[in-house]
>>> print(open('input-v1.txt').read())   # compact mmCIF, C-alpha atoms and all ligand atoms
# COMPACT_ATOMS: atom_id res chain seq x y z
CA MET S 1 81.62 66.34 126.60
CA SER S 2 78.01 66.42 125.46
CA ASP S 3 76.42 63.18 124.27
CA TRP S 4 75.78 64.64 120.80
CA GLN S 5 79.20 66.05 120.19
CA ASN S 6 81.48 63.27 118.97
CA PRO S 7 78.94 61.07 117.19
CA GLY S 8 77.52 64.11 115.40
CA LEU S 9 80.84 65.68 114.47
CA ALA S 10 81.76 62.56 112.55
CA HIS S 11 79.03 63.54 110.09
CA LEU S 12 79.45 67.29 109.85
CA TRP S 13 81.39 69.13 107.15
CA LEU S 14 82.34 72.58 108.41
CA PRO S 15 82.77 75.81 106.39
CA TYR S 16 86.21 77.05 105.26
CA THR S 17 87.73 74.33 107.45
CA GLN S 18 90.53 71.88 106.79
CA MET S 19 88.80 68.97 108.47
CA LYS S 20 92.03 67.02 108.89
CA THR S 21 93.95 69.54 110.98
CA ALA S 22 91.54 72.15 112.34
CA ALA S 23 90.84 72.30 116.06
CA ALA S 24 87.47 70.81 117.03
CA PRO S 25 84.68 73.43 116.98
CA LEU S 26 83.46 74.62 120.38
CA PRO S 27 80.09 73.17 121.40
CA VAL S 28 77.72 76.05 122.17
CA VAL S 29 74.51 75.30 124.06
CA SER S 30 72.86 78.68 124.57
CA SER S 31 73.14 82.39 123.93
CA ALA S 32 71.90 85.53 125.68
CA GLY S 33 72.73 89.19 125.18
CA VAL S 34 76.35 89.34 124.01
CA ARG S 35 77.29 85.97 125.49
CA LEU S 36 77.58 82.42 124.20
CA THR S 37 77.54 79.57 126.71
CA LEU S 38 79.60 76.47 125.94
CA ALA S 39 78.77 72.89 126.91
CA ASP S 40 81.32 72.97 129.74
CA GLY S 41 79.63 76.03 131.23
CA ARG S 42 82.20 78.59 130.05
CA GLU S 43 80.88 81.89 128.69
CA LEU S 44 82.39 83.77 125.76
CA ILE S 45 81.71 87.44 124.99
CA ASP S 46 80.87 87.54 121.29
CA GLY S 47 83.10 89.98 119.41
CA ILE S 48 81.81 89.23 115.91
CA SER S 49 78.02 88.94 116.22
CA SER S 50 77.79 85.55 114.50
CA TRP S 51 79.18 86.67 111.18
CA TRP S 52 77.93 90.23 111.72
CA THR S 53 74.24 89.36 112.10
CA ALA S 54 73.32 89.60 115.80
CA CYS S 55 73.14 93.39 116.02
CA HIS S 56 70.66 93.38 118.94
CA GLY S 57 72.55 90.67 120.79
CA TYR S 58 71.15 87.16 121.16
CA ASN S 59 67.66 86.09 122.25
CA HIS S 60 66.12 89.55 122.16
CA PRO S 61 62.65 89.04 123.68
CA HIS S 62 60.93 91.29 121.10
CA ILE S 63 62.20 89.26 118.15
CA GLN S 64 61.50 85.99 119.96
CA ALA S 65 57.90 87.03 120.66
CA ALA S 66 57.33 88.09 117.05
CA VAL S 67 58.66 84.79 115.72
CA GLU S 68 56.59 82.78 118.21
CA THR S 69 53.41 84.59 117.20
CA GLN S 70 54.18 84.04 113.52
CA LEU S 71 55.02 80.36 114.16
CA ALA S 72 51.56 79.86 115.63
CA THR S 73 49.81 81.58 112.70
CA LEU S 74 51.68 81.08 109.42
CA PRO S 75 55.28 79.85 109.57
CA HIS S 76 55.76 79.60 105.83
CA VAL S 77 53.82 79.60 102.61
CA MET S 78 55.03 79.65 99.01
CA PHE S 79 55.39 83.15 97.61
CA ALA S 80 54.13 82.72 94.05
CA GLY S 81 50.48 83.68 93.66
CA LEU S 82 50.26 84.14 97.44
CA VAL S 83 51.43 86.98 99.62
CA HIS S 84 51.44 87.57 103.38
CA GLU S 85 51.49 90.45 105.81
CA PRO S 86 55.03 90.07 107.26
CA ALA S 87 56.59 90.27 103.78
CA ALA S 88 54.36 93.12 102.59
CA ARG S 89 55.02 95.15 105.74
CA LEU S 90 58.74 94.47 105.59
CA ALA S 91 59.00 95.50 101.93
CA GLN S 92 57.13 98.72 102.62
CA ARG S 93 59.30 99.50 105.64
CA LEU S 94 62.57 98.80 103.81
CA ALA S 95 61.45 101.04 100.95
CA GLY S 96 60.71 103.77 103.48
CA LEU S 97 64.10 103.47 105.15
CA LEU S 98 66.30 103.19 102.05
CA PRO S 99 67.41 106.36 100.24
CA GLY S 100 65.79 107.65 97.04
CA ASP S 101 63.41 105.44 95.11
CA LEU S 102 64.94 102.12 96.13
CA GLU S 103 61.46 100.72 96.60
CA ARG S 104 60.97 97.28 94.99
CA VAL S 105 62.00 94.37 97.19
CA PHE S 106 62.78 90.82 96.07
CA PHE S 107 63.27 88.44 99.01
CA THR S 108 65.67 85.48 99.08
CA GLU S 109 67.30 83.42 101.86
CA SER S 110 71.00 84.23 101.70
CA GLY S 111 73.33 87.06 100.85
CA SER S 112 74.97 85.23 97.95
CA VAL S 113 71.59 84.63 96.36
CA ALA S 114 70.59 88.27 96.91
CA VAL S 115 73.69 89.23 94.91
CA GLU S 116 72.89 86.64 92.23
CA VAL S 117 69.43 88.21 91.90
CA ALA S 118 70.98 91.68 91.66
CA LEU S 119 73.23 90.46 88.83
CA LYS S 120 70.28 88.90 87.05
CA MET S 121 68.29 92.12 87.44
CA ALA S 122 71.17 94.17 86.03
CA LEU S 123 71.76 91.97 82.99
CA GLN S 124 68.08 91.58 82.22
CA TYR S 125 67.46 95.31 82.74
CA TRP S 126 69.77 96.09 79.84
CA ARG S 127 68.44 93.22 77.75
CA ASN S 128 64.88 94.45 78.26
CA LEU S 129 65.99 97.92 77.16
CA GLY S 130 67.57 96.49 74.01
CA HIS S 131 71.22 96.49 75.12
CA ALA S 132 71.86 92.75 75.32
CA GLY S 133 75.61 93.32 74.92
CA LYS S 134 75.87 94.75 78.42
CA GLN S 135 76.67 91.56 80.33
CA ARG S 136 79.88 92.13 82.26
CA ILE S 137 80.20 93.22 85.89
CA VAL S 138 82.93 95.47 87.28
CA TYR S 139 84.00 94.64 90.85
CA PHE S 140 86.72 95.95 93.16
CA ARG S 141 89.94 94.52 94.53
CA HIS S 142 89.44 93.27 98.12
CA GLY S 143 85.74 92.78 97.40
CA TYR S 144 83.65 89.89 98.66
CA HIS S 145 80.15 89.16 97.37
CA GLY S 146 79.45 85.53 98.20
CA ASP S 147 80.35 81.90 97.68
CA THR S 148 78.15 80.86 94.75
CA PHE S 149 79.67 80.70 91.27
CA ALA S 150 78.48 84.03 89.92
CA THR S 151 79.41 85.83 93.16
CA MET S 152 82.79 84.10 93.51
CA ALA S 153 83.72 85.69 90.20
CA LEU S 154 83.31 89.09 91.90
CA CYS S 155 85.57 88.37 94.87
CA ASP S 156 89.19 89.49 95.09
CA PRO S 157 91.00 86.99 92.88
CA GLU S 158 94.12 86.84 95.05
CA GLU S 159 92.87 87.25 98.59
CA GLY S 160 89.62 85.49 97.93
CA MET S 161 88.96 81.91 98.91
CA HIS S 162 88.02 80.98 95.40
CA ARG S 163 91.23 80.94 93.34
CA LEU S 164 90.76 77.23 92.84
CA PHE S 165 87.68 77.77 90.69
CA ALA S 166 89.13 80.54 88.51
CA GLY S 167 88.73 78.49 85.33
CA SER S 168 85.05 77.76 85.80
CA MET S 169 83.77 81.22 86.71
CA PRO S 170 82.38 83.91 84.43
CA ASP S 171 85.01 86.39 83.35
CA GLN S 172 84.38 89.74 85.04
CA ILE S 173 86.37 92.99 85.25
CA MET S 174 88.29 93.94 88.38
CA ALA S 175 88.98 97.59 89.22
CA GLU S 176 90.76 99.42 92.02
CA LEU S 177 88.64 101.53 94.33
CA PRO S 178 89.27 105.03 92.97
CA ASN S 179 90.41 106.79 96.13
CA ASP S 180 92.75 109.34 94.55
CA ASP S 181 92.80 111.45 91.37
CA ILE S 182 94.94 109.07 89.34
CA MET S 183 92.74 106.10 90.22
CA ARG S 184 89.66 108.17 89.47
CA ARG S 185 90.89 108.89 85.96
CA ALA S 186 91.72 105.20 85.55
CA PHE S 187 88.27 104.13 86.73
CA ASP S 188 86.58 106.63 84.45
CA LEU S 189 88.66 105.37 81.52
CA LEU S 190 87.79 101.77 82.36
CA LEU S 191 84.07 102.51 82.21
CA GLU S 192 84.53 104.59 79.07
CA THR S 193 86.43 101.75 77.38
CA HIS S 194 84.23 98.87 78.50
CA GLY S 195 80.92 100.66 79.11
CA GLU S 196 79.24 99.06 76.11
CA ARG S 197 79.88 95.62 77.63
CA VAL S 198 79.30 96.48 81.28
CA ALA S 199 75.89 96.01 82.93
CA ALA S 200 76.83 97.09 86.43
CA VAL S 201 79.50 97.99 88.94
CA ILE S 202 79.18 96.22 92.30
CA VAL S 203 80.62 97.71 95.49
CA GLU S 204 80.50 97.15 99.23
CA PRO S 205 79.94 100.75 100.33
CA LEU S 206 82.54 102.23 102.73
CA VAL S 207 83.78 98.93 104.17
CA GLN S 208 84.81 95.83 102.22
CA GLY S 209 84.22 93.00 104.67
CA ALA S 210 85.31 89.43 104.09
CA GLY S 211 87.94 90.55 101.54
CA GLY S 212 89.97 92.10 104.36
CA MET S 213 88.07 94.91 106.16
CA GLN S 214 89.36 97.61 103.79
CA MET S 215 87.73 101.03 104.17
CA HIS S 216 87.13 103.93 101.78
CA ASP S 217 85.47 107.32 102.20
CA ALA S 218 82.12 108.62 101.03
CA GLU S 219 83.77 110.79 98.34
CA THR S 220 85.20 107.67 96.69
CA LEU S 221 81.82 106.01 96.81
CA ALA S 222 80.12 109.12 95.43
CA PHE S 223 82.67 109.20 92.60
CA VAL S 224 81.90 105.58 91.72
CA ALA S 225 78.19 106.36 91.69
CA ALA S 226 78.65 109.44 89.48
CA ALA S 227 80.94 107.57 87.05
CA CYS S 228 78.34 104.81 86.72
CA ARG S 229 75.72 107.35 85.85
CA ARG S 230 78.00 109.12 83.32
CA HIS S 231 78.77 105.89 81.51
CA ARG S 232 75.29 104.36 81.64
CA VAL S 233 76.18 101.51 83.94
CA LEU S 234 74.06 100.39 86.90
CA LEU S 235 75.46 100.56 90.42
CA ILE S 236 74.83 97.63 92.77
CA ALA S 237 75.49 98.36 96.44
CA ASP S 238 76.19 95.17 98.36
CA GLU S 239 75.15 96.27 101.86
CA ILE S 240 74.88 92.72 103.15
CA MET S 241 77.55 93.47 105.75
CA THR S 242 77.23 97.26 106.08
CA GLY S 243 73.42 97.47 106.20
CA PHE S 244 71.52 98.16 109.43
CA GLY S 245 73.84 100.50 111.24
CA ARG S 246 77.18 98.71 111.14
CA THR S 247 79.08 101.67 109.62
CA GLY S 248 77.29 104.32 111.68
CA ARG S 249 74.31 105.14 109.44
CA LEU S 250 71.41 102.80 108.89
CA PHE S 251 72.85 102.17 105.39
CA ALA S 252 76.41 102.96 104.34
CA CYS S 253 75.33 104.33 100.95
CA GLU S 254 73.53 107.17 102.74
CA GLU S 255 76.91 108.84 103.26
CA ALA S 256 77.52 109.12 99.52
CA ALA S 257 73.88 109.93 98.79
CA GLN S 258 74.19 112.88 101.12
CA LEU S 259 77.16 114.23 99.14
CA THR S 260 75.80 113.99 95.62
CA GLY S 261 72.25 112.73 95.78
CA THR S 262 73.19 109.58 93.89
CA THR S 263 71.53 106.35 94.99
CA PRO S 264 72.60 102.86 93.96
CA ASP S 265 70.28 101.32 91.38
CA ILE S 266 70.13 97.98 93.17
CA LEU S 267 70.94 97.24 96.81
CA CYS S 268 71.49 93.91 98.58
CA LEU S 269 70.71 93.23 102.24
CA SER S 270 71.01 90.19 104.47
CA LYS S 271 73.20 89.49 107.54
CA ALA S 272 71.63 91.80 110.17
CA LEU S 273 68.24 91.95 108.42
CA THR S 274 66.65 89.57 110.95
CA GLY S 275 68.93 90.59 113.80
CA GLY S 276 70.80 87.32 113.44
CA THR S 277 67.86 85.01 114.02
CA LEU S 278 66.66 83.52 110.73
CA PRO S 279 68.05 83.43 107.20
CA LEU S 280 66.64 86.15 104.96
CA ALA S 281 67.98 88.45 102.26
CA ALA S 282 66.59 91.17 100.04
CA THR S 283 67.50 92.68 96.70
CA VAL S 284 65.98 96.14 96.38
CA ALA S 285 65.63 97.91 93.04
CA ARG S 286 65.03 101.52 92.15
CA ARG S 287 61.86 102.35 90.31
CA HIS S 288 63.49 102.68 86.88
CA VAL S 289 65.05 99.22 87.22
CA PHE S 290 61.71 97.65 88.10
CA GLU S 291 59.92 99.51 85.31
CA ALA S 292 62.29 98.01 82.72
CA PHE S 293 60.69 94.64 83.52
CA LEU S 294 57.11 95.82 82.86
CA SER S 295 56.12 94.56 79.44
CA ASP S 296 53.50 92.63 77.48
CA ASP S 297 56.22 90.05 76.88
CA PRO S 298 56.17 87.35 79.62
CA ALA S 299 59.87 86.69 78.93
CA ALA S 300 60.72 90.19 80.16
CA ALA S 301 59.74 89.22 83.74
CA LEU S 302 62.38 88.55 86.39
CA MET S 303 62.99 84.81 86.24
CA HIS S 304 63.88 83.93 89.79
CA GLY S 305 62.01 82.40 92.75
CA PRO S 306 63.69 80.53 95.58
CA THR S 307 61.43 77.94 97.25
CA TYR S 308 61.69 79.55 100.68
CA MET S 309 61.66 83.16 99.51
CA ALA S 310 60.03 85.65 101.88
CA ASN S 311 59.74 83.01 104.61
CA ALA S 312 57.11 84.41 106.97
CA LEU S 313 59.02 83.59 110.18
CA ALA S 314 62.09 85.37 108.86
CA CYS S 315 60.05 88.38 107.69
CA ALA S 316 58.41 88.58 111.14
CA ALA S 317 61.87 88.54 112.73
CA ALA S 318 63.06 91.27 110.36
CA ASN S 319 60.04 93.45 111.15
CA ALA S 320 60.75 93.01 114.86
CA SER S 321 64.40 93.90 114.24
CA LEU S 322 63.30 97.12 112.50
CA ASP S 323 61.05 97.88 115.49
CA LEU S 324 64.16 97.71 117.66
CA PHE S 325 66.01 100.15 115.40
CA GLU S 326 63.06 102.51 115.88
CA ARG S 327 62.65 102.05 119.63
CA GLU S 328 66.18 101.61 120.88
CA PRO S 329 69.16 103.93 120.34
CA ARG S 330 71.09 101.64 118.01
CA LEU S 331 72.91 104.30 115.98
CA ALA S 332 73.95 106.12 119.16
CA GLN S 333 75.26 102.81 120.48
CA VAL S 334 77.24 102.35 117.27
CA ALA S 335 78.73 105.84 117.67
CA ALA S 336 79.79 105.02 121.24
CA ILE S 337 81.31 101.71 120.11
CA GLU S 338 83.19 103.54 117.35
CA ALA S 339 84.70 106.02 119.81
CA GLN S 340 85.72 103.28 122.22
CA LEU S 341 87.19 101.08 119.46
CA ARG S 342 89.26 104.04 118.22
CA THR S 343 90.71 104.68 121.67
CA GLU S 344 91.21 101.12 122.79
CA LEU S 345 92.49 99.52 119.56
CA GLU S 346 94.93 102.35 118.79
CA PRO S 347 97.70 100.92 121.06
CA CYS S 348 97.74 97.80 118.83
CA ARG S 349 99.26 99.95 116.08
CA ARG S 350 102.60 100.06 117.91
CA LEU S 351 102.91 96.28 118.17
CA THR S 352 105.33 94.33 116.00
CA GLY S 353 103.39 92.45 113.34
CA VAL S 354 100.63 95.07 113.02
CA ALA S 355 100.33 96.89 109.69
CA ASP S 356 97.25 99.03 110.34
CA VAL S 357 94.36 99.72 112.70
CA ARG S 358 91.09 100.76 111.05
CA VAL S 359 87.78 101.73 112.66
CA LYS S 360 84.46 102.60 111.05
CA GLY S 361 81.21 102.47 113.02
CA ALA S 362 81.05 99.25 115.03
CA ILE S 363 83.89 97.71 113.04
CA GLY S 364 87.43 97.63 114.41
CA ALA S 365 90.04 95.87 112.28
CA VAL S 366 93.71 95.22 112.93
CA GLU S 367 95.68 94.23 109.85
CA LEU S 368 98.59 91.89 110.54
CA THR S 369 101.88 91.21 108.79
CA GLY S 370 104.10 88.15 108.72
CA GLU S 371 103.14 84.53 109.37
CA ILE S 372 99.68 84.32 110.91
CA ASP S 373 98.71 81.32 113.03
CA LEU S 374 94.95 81.72 112.70
CA ASP S 375 94.06 78.56 114.65
CA GLY S 376 96.43 79.46 117.48
CA MET S 377 95.09 83.01 117.73
CA ARG S 378 91.51 81.80 117.71
CA ARG S 379 92.29 79.38 120.53
CA ARG S 380 93.95 82.10 122.62
CA PHE S 381 90.97 84.43 122.18
CA ALA S 382 88.65 81.68 123.46
CA GLU S 383 90.98 81.09 126.41
CA LEU S 384 90.57 84.78 127.27
CA GLY S 385 86.78 84.36 127.31
CA VAL S 386 85.97 86.04 124.00
CA TRP S 387 84.71 84.82 120.65
CA VAL S 388 86.91 86.47 118.01
CA ARG S 389 87.89 84.82 114.77
CA PRO S 390 90.68 86.37 112.72
CA PHE S 391 90.75 85.50 109.00
CA GLY S 392 93.23 86.18 106.22
CA LYS S 393 95.38 89.05 107.47
CA VAL S 394 92.90 90.67 109.86
CA ALA S 395 91.83 90.32 113.44
CA TYR S 396 88.64 92.32 113.88
CA LEU S 397 85.83 93.17 116.27
CA MET S 398 82.22 93.65 115.14
CA PRO S 399 80.29 93.28 118.38
CA PRO S 400 76.51 93.37 118.86
CA PHE S 401 75.40 97.02 119.14
CA VAL S 402 73.99 96.40 122.63
CA ILE S 403 77.40 95.58 124.13
CA ASP S 404 78.25 97.71 127.18
CA SER S 405 81.57 99.47 127.51
CA ALA S 406 82.96 97.04 130.11
CA ASP S 407 82.35 94.03 127.85
CA LEU S 408 83.74 95.93 124.87
CA SER S 409 86.88 96.63 126.89
CA VAL S 410 87.21 92.90 127.52
CA LEU S 411 87.20 92.40 123.74
CA THR S 412 89.72 95.16 122.98
CA GLY S 413 91.87 94.01 125.92
CA ALA S 414 91.90 90.46 124.56
CA MET S 415 92.86 91.82 121.13
CA HIS S 416 95.81 93.68 122.63
CA ARG S 417 96.91 90.68 124.71
CA VAL S 418 96.76 88.21 121.84
CA LEU S 419 98.60 90.56 119.47
CA SER S 420 101.19 91.45 122.14
CA ALA S 421 101.90 87.76 122.73
CA ARG S 422 102.28 87.32 118.98
CA ALA S 423 104.64 90.34 118.80
CA ALA S 424 106.76 88.88 121.61
CA THR S 425 107.43 85.70 119.66
CA ALA S 426 108.00 87.44 116.29
C1 LIG F 501 78.30 87.70 103.83
C2 LIG F 501 78.31 88.48 102.60
C3 LIG F 501 77.77 87.98 101.41
C4 LIG F 501 77.24 86.56 101.28
O1 LIG F 501 76.18 86.32 102.14
P1 LIG F 501 75.78 84.79 102.49
O2 LIG F 501 74.53 84.92 103.28
O3 LIG F 501 76.93 84.25 103.27
O4 LIG F 501 75.60 84.09 101.21
C5 LIG F 501 77.77 88.79 100.29
N1 LIG F 501 78.25 90.05 100.35
C6 LIG F 501 78.77 90.56 101.47
C7 LIG F 501 79.27 91.96 101.46
C8 LIG F 501 78.83 89.80 102.63
O5 LIG F 501 79.38 90.31 103.74
>>> encode(input="input-v1.txt", output="structure tokens")
Amino acid sequence: MSDWQNPGLAHLWLPYTQMKTAAAPLPVVSSAGVRLTLADGRELIDGISSWWTACHGYNHPHIQAAVETQLATLPHVMFAGLVHEPAARLAQRLAGLLPGDLERVFFTESGSVAVEVALKMALQYWRNLGHAGKQRIVYFRHGYHGDTFATMALCDPEEGMHRLFAGSMPDQIMAELPNDDIMRRAFDLLLETHGERVAAVIVEPLVQGAGGMQMHDAETLAFVAAACRRHRVLLIADEIMTGFGRTGRLFACEEAAQLTGTTPDILCLSKALTGGTLPLAATVARRHVFEAFLSDDPAAALMHGPTYMANALACAAANASLDLFEREPRLAQVAAIEAQLRTELEPCRRLTGVADVRVKGAIGAVELTGEIDLDGMRRRFAELGVWVRPFGKVAYLMPPFVIDSADLSVLTGAMHRVLSARAATA
């Protein structure tokens, strides 16, 4: 037991945690590569990259060096009236990497706030163009876009964690992801019927994360993009989870862009933006969105500005993370992880209590049926030397891209063992 653990825990309030009954959190003292070291000396192989952020593994020396240099020069400065090199470079690089003319970057410090900014941009875009009636947002079942009030209203109303607040959230419009012809007609009709009131559709491209690791194909995404264009509605791509290689391309929306040439109008990034080192998020707008804010009227400007926006340390970390995507074979590593996840998770499909096995890029999800003892499963994973944290109805792996195949096999092996044990008692 570390000397900080018990006295400190008495004052901590943990996320998504029933503090009365939940098992005590594990004290972690250091990290390196794909491993976390606990206070008692045990090592866990990380199967979920610290909420999908640590794509280069932990303590990458290139990111550490960049942050140390920045710390010695300019750790932070306010971003109104002042600008600094790490943010300017990062914005330029993101614009160069993103498809089409997604080229104007607004920095914030968390994914939820990046989505809030995207919503504000969308509503004010239409207001500035004289369509103030377009104020509603269409979102998809199984979606997740954050924990703040405006973003909670865009999360799956049943599976989401936010049912409790239903009465105090803005009223938005839920749709089904249109992955067959009937649903496509329904989605088209929805936009035709409500288009005059709708500012934007928001989607997590290809993989819906925290709402249950549901996956759809690029054709579905391309259809959504084309329908938005037909009905004069903006498309917001929430790539906070999918961005930076997780689905196999640098950005998931590239797969749809390749089919039809359609690009989302606004795109949100966070999670892996700094390689899991410092909090940073970005909302990136296409040129036409930005241009709708250019006016002689000061009130037409975007009215947002978080105190710590474009934090220089975080921007330096993000630039270093992009260096690593350039210098190291990240997308090839993701392809190898995908192949191995497909092979090694497939046997889980035959287990009692397993509804589905889904793999896309470096994401492997096993959907469960029946009663799910989340705390018990989490404990058993830790006992097997891995850090895996099932939620809702899914047990999933989203390892750092630098994981080698032996360590990945430890993760998939643990998945099979934990789910087999569960099947045996079902
Ligand atoms: C994590 C996540 C968010 C919220 O990001 P925070 O940094 O936790 O606020 C929003 N959208 C998606 C798709 C996410 O995965």
>>> atom_distance(input="input-v1.txt", atom1="atom CA of S:Asn6", atom2="atom CA of S:Glu383")
21.5 Å
>>> closest_residue(input="input-v1.txt", among="S:Ala166, S:Ile182, S:Ile236, S:Leu302", to="ligand LIG 501 (chain F)", atoms="all atoms listed in the file")
S:Ile236
>>> residues_near_ligand(input="input-v1.txt", ligand="ligand LIG 501 (chain F)", cutoff="10 Å", atoms="all atoms listed in the file", output="ChimeraX atom specification")
/S:51-53,108-116,143-148,151-152,154-155,203-205,207-211,237-243,268-271,279-281
>>> closest_residue(input="input-v1.txt", among="S:Ala318, S:Phe107, S:Asp3, S:Cys253", to="S:Val83", atoms="all atoms listed in the file")
S:Phe107
>>> closest_residue(input="input-v1.txt", among="S:Asp356, S:Glu158, S:Asp171, S:Asp375", to="S:Pro25", atoms="only C-alpha atoms")
S:Asp375
>>> atom_distance(input="input-v1.txt", atom1="atom CA of S:Arg349", atom2="atom CA of S:Val366")
7.9 Å
>>> residues_around(input="input-v1.txt", residues="S:Ile266", least_positions_apart="3", cutoff="8 Å", atoms="only C-alpha atoms", output="JSON, numbers by chain")
{"S": [102, 118, 234, 235, 236, 237, 283, 284, 285, 286, 289]}
>>> atom_distance(input="input-v1.txt", atom1="atom CA of S:Ala175", atom2="atom CA of S:Leu119")
17.3 Å
>>> residues_around(input="input-v1.txt", residues="S:Val198", least_positions_apart="2", cutoff="7 Å", atoms="all atoms listed in the file", output="PyMOL selection string")
chain S and resi 134-137+194-196+200+233
>>> residues_near_point(input="input-v1.txt", point="(69.2, 100.4, 120.9)", cutoff="12 Å", atoms="only C-alpha atoms", output="number ranges by chain")
S: 55-57, 60, 244-245, 321-336, 400-404
>>> write_last_selection(input="input-v1.txt", atoms="C-alpha atoms", output="compact mmCIF listing (two decimals), keeping the file's coordinate frame")
# COMPACT_ATOMS: atom_id res chain seq x y z
CA CYS S 55 73.14 93.39 116.02
CA HIS S 56 70.66 93.38 118.94
CA GLY S 57 72.55 90.67 120.79
CA HIS S 60 66.12 89.55 122.16
CA PHE S 244 71.52 98.16 109.43
CA GLY S 245 73.84 100.50 111.24
CA SER S 321 64.40 93.90 114.24
CA LEU S 322 63.30 97.12 112.50
CA ASP S 323 61.05 97.88 115.49
CA LEU S 324 64.16 97.71 117.66
CA PHE S 325 66.01 100.15 115.40
CA GLU S 326 63.06 102.51 115.88
CA ARG S 327 62.65 102.05 119.63
CA GLU S 328 66.18 101.61 120.88
CA PRO S 329 69.16 103.93 120.34
CA ARG S 330 71.09 101.64 118.01
CA LEU S 331 72.91 104.30 115.98
CA ALA S 332 73.95 106.12 119.16
CA GLN S 333 75.26 102.81 120.48
CA VAL S 334 77.24 102.35 117.27
CA ALA S 335 78.73 105.84 117.67
CA ALA S 336 79.79 105.02 121.24
CA PRO S 400 76.51 93.37 118.86
CA PHE S 401 75.40 97.02 119.14
CA VAL S 402 73.99 96.40 122.63
CA ILE S 403 77.40 95.58 124.13
CA ASP S 404 78.25 97.71 127.18
>>> residues_around(input="input-v1.txt", residues="S:Val67", least_positions_apart="2", cutoff="12 Å", atoms="all atoms listed in the file", output="PyMOL selection string")
chain S and resi 59-65+69-76+86+274-275+277-278+311-321
>>> closest_residue(input="input-v1.txt", among="S:Ala66, S:Gly41, S:Trp4, S:Leu94", to="S:Leu273", atoms="only C-alpha atoms")
S:Leu94
>>> axis_aligned_box(input="input-v1.txt", around="stretch 113-124 of chain S", padding_each_side="4 Å", output="AutoDock Vina command-line options")
--center_x 70.9 --center_y 89.4 --center_z 89.6 --size_x 13.6 --size_y 17.5 --size_z 22.7
>>> residues_around(input="input-v1.txt", residues="S:Gly305", least_positions_apart="2", cutoff="10 Å", atoms="all atoms listed in the file", output="ChimeraX atom specification")
/S:78-80,106-108,117,302-303,307-310
>>> closest_residue(input="input-v1.txt", among="S:Arg42, S:His231, S:Arg185, S:Arg93", to="S:Ala382", atoms="all atoms listed in the file")
S:Arg42
>>> closest_residue(input="input-v1.txt", among="S:Asn179, S:Gln214, S:Thr262, S:Ser409", to="S:Ala339", atoms="only C-alpha atoms")
S:Ser409
>>> decode(input="input-v1.txt", residues="stretch 17-25 of chain S", atoms="N, CA, C and O atoms", output="PDB file, in the first residue's frame")
ATOM      1  N   THR S  17     -18.498   5.925 -11.616  1.00  0.00           N
ATOM      2  CA  THR S  17     -18.211   4.932 -10.586  1.00  0.00           C
ATOM      3  C   THR S  17     -19.178   5.052  -9.422  1.00  0.00           C
ATOM      4  O   THR S  17     -19.340   6.149  -8.865  1.00  0.00           O
ATOM      5  N   GLN S  18     -19.830   3.958  -9.074  1.00  0.00           N
ATOM      6  CA  GLN S  18     -20.625   3.925  -7.849  1.00  0.00           C
ATOM      7  C   GLN S  18     -19.639   3.820  -6.687  1.00  0.00           C
ATOM      8  O   GLN S  18     -19.076   2.756  -6.429  1.00  0.00           O
ATOM      9  N   MET S  19     -19.435   4.923  -6.011  1.00  0.00           N
ATOM     10  CA  MET S  19     -18.361   4.987  -5.026  1.00  0.00           C
ATOM     11  C   MET S  19     -18.642   4.117  -3.799  1.00  0.00           C
ATOM     12  O   MET S  19     -17.738   3.840  -3.016  1.00  0.00           O
ATOM     13  N   LYS S  20     -19.900   3.696  -3.636  1.00  0.00           N
ATOM     14  CA  LYS S  20     -20.205   2.866  -2.468  1.00  0.00           C
ATOM     15  C   LYS S  20     -19.746   1.426  -2.676  1.00  0.00           C
ATOM     16  O   LYS S  20     -19.206   0.798  -1.768  1.00  0.00           O
ATOM     17  N   THR S  21     -19.942   0.908  -3.901  1.00  0.00           N
ATOM     18  CA  THR S  21     -19.733  -0.527  -4.104  1.00  0.00           C
ATOM     19  C   THR S  21     -18.546  -0.881  -4.991  1.00  0.00           C
ATOM     20  O   THR S  21     -18.092  -2.015  -4.980  1.00  0.00           O
ATOM     21  N   ALA S  22     -18.049   0.079  -5.778  1.00  0.00           N
ATOM     22  CA  ALA S  22     -17.024  -0.285  -6.764  1.00  0.00           C
ATOM     23  C   ALA S  22     -15.733  -0.729  -6.081  1.00  0.00           C
ATOM     24  O   ALA S  22     -15.399  -0.263  -4.986  1.00  0.00           O
ATOM     25  N   ALA S  23     -15.031  -1.650  -6.739  1.00  0.00           N
ATOM     26  CA  ALA S  23     -13.722  -2.071  -6.249  1.00  0.00           C
ATOM     27  C   ALA S  23     -12.791  -0.855  -6.233  1.00  0.00           C
ATOM     28  O   ALA S  23     -12.933   0.058  -7.048  1.00  0.00           O
ATOM     29  N   ALA S  24     -11.829  -0.856  -5.303  1.00  0.00           N
ATOM     30  CA  ALA S  24     -10.876   0.253  -5.235  1.00  0.00           C
ATOM     31  C   ALA S  24     -10.095   0.316  -6.544  1.00  0.00           C
ATOM     32  O   ALA S  24      -9.747  -0.720  -7.108  1.00  0.00           O
ATOM     33  N   PRO S  25      -9.804   1.529  -7.046  1.00  0.00           N
ATOM     34  CA  PRO S  25      -9.010   1.636  -8.267  1.00  0.00           C
ATOM     35  C   PRO S  25      -7.587   1.146  -8.018  1.00  0.00           C
ATOM     36  O   PRO S  25      -7.098   1.206  -6.894  1.00  0.00           O
TER      37      PRO S  25
END
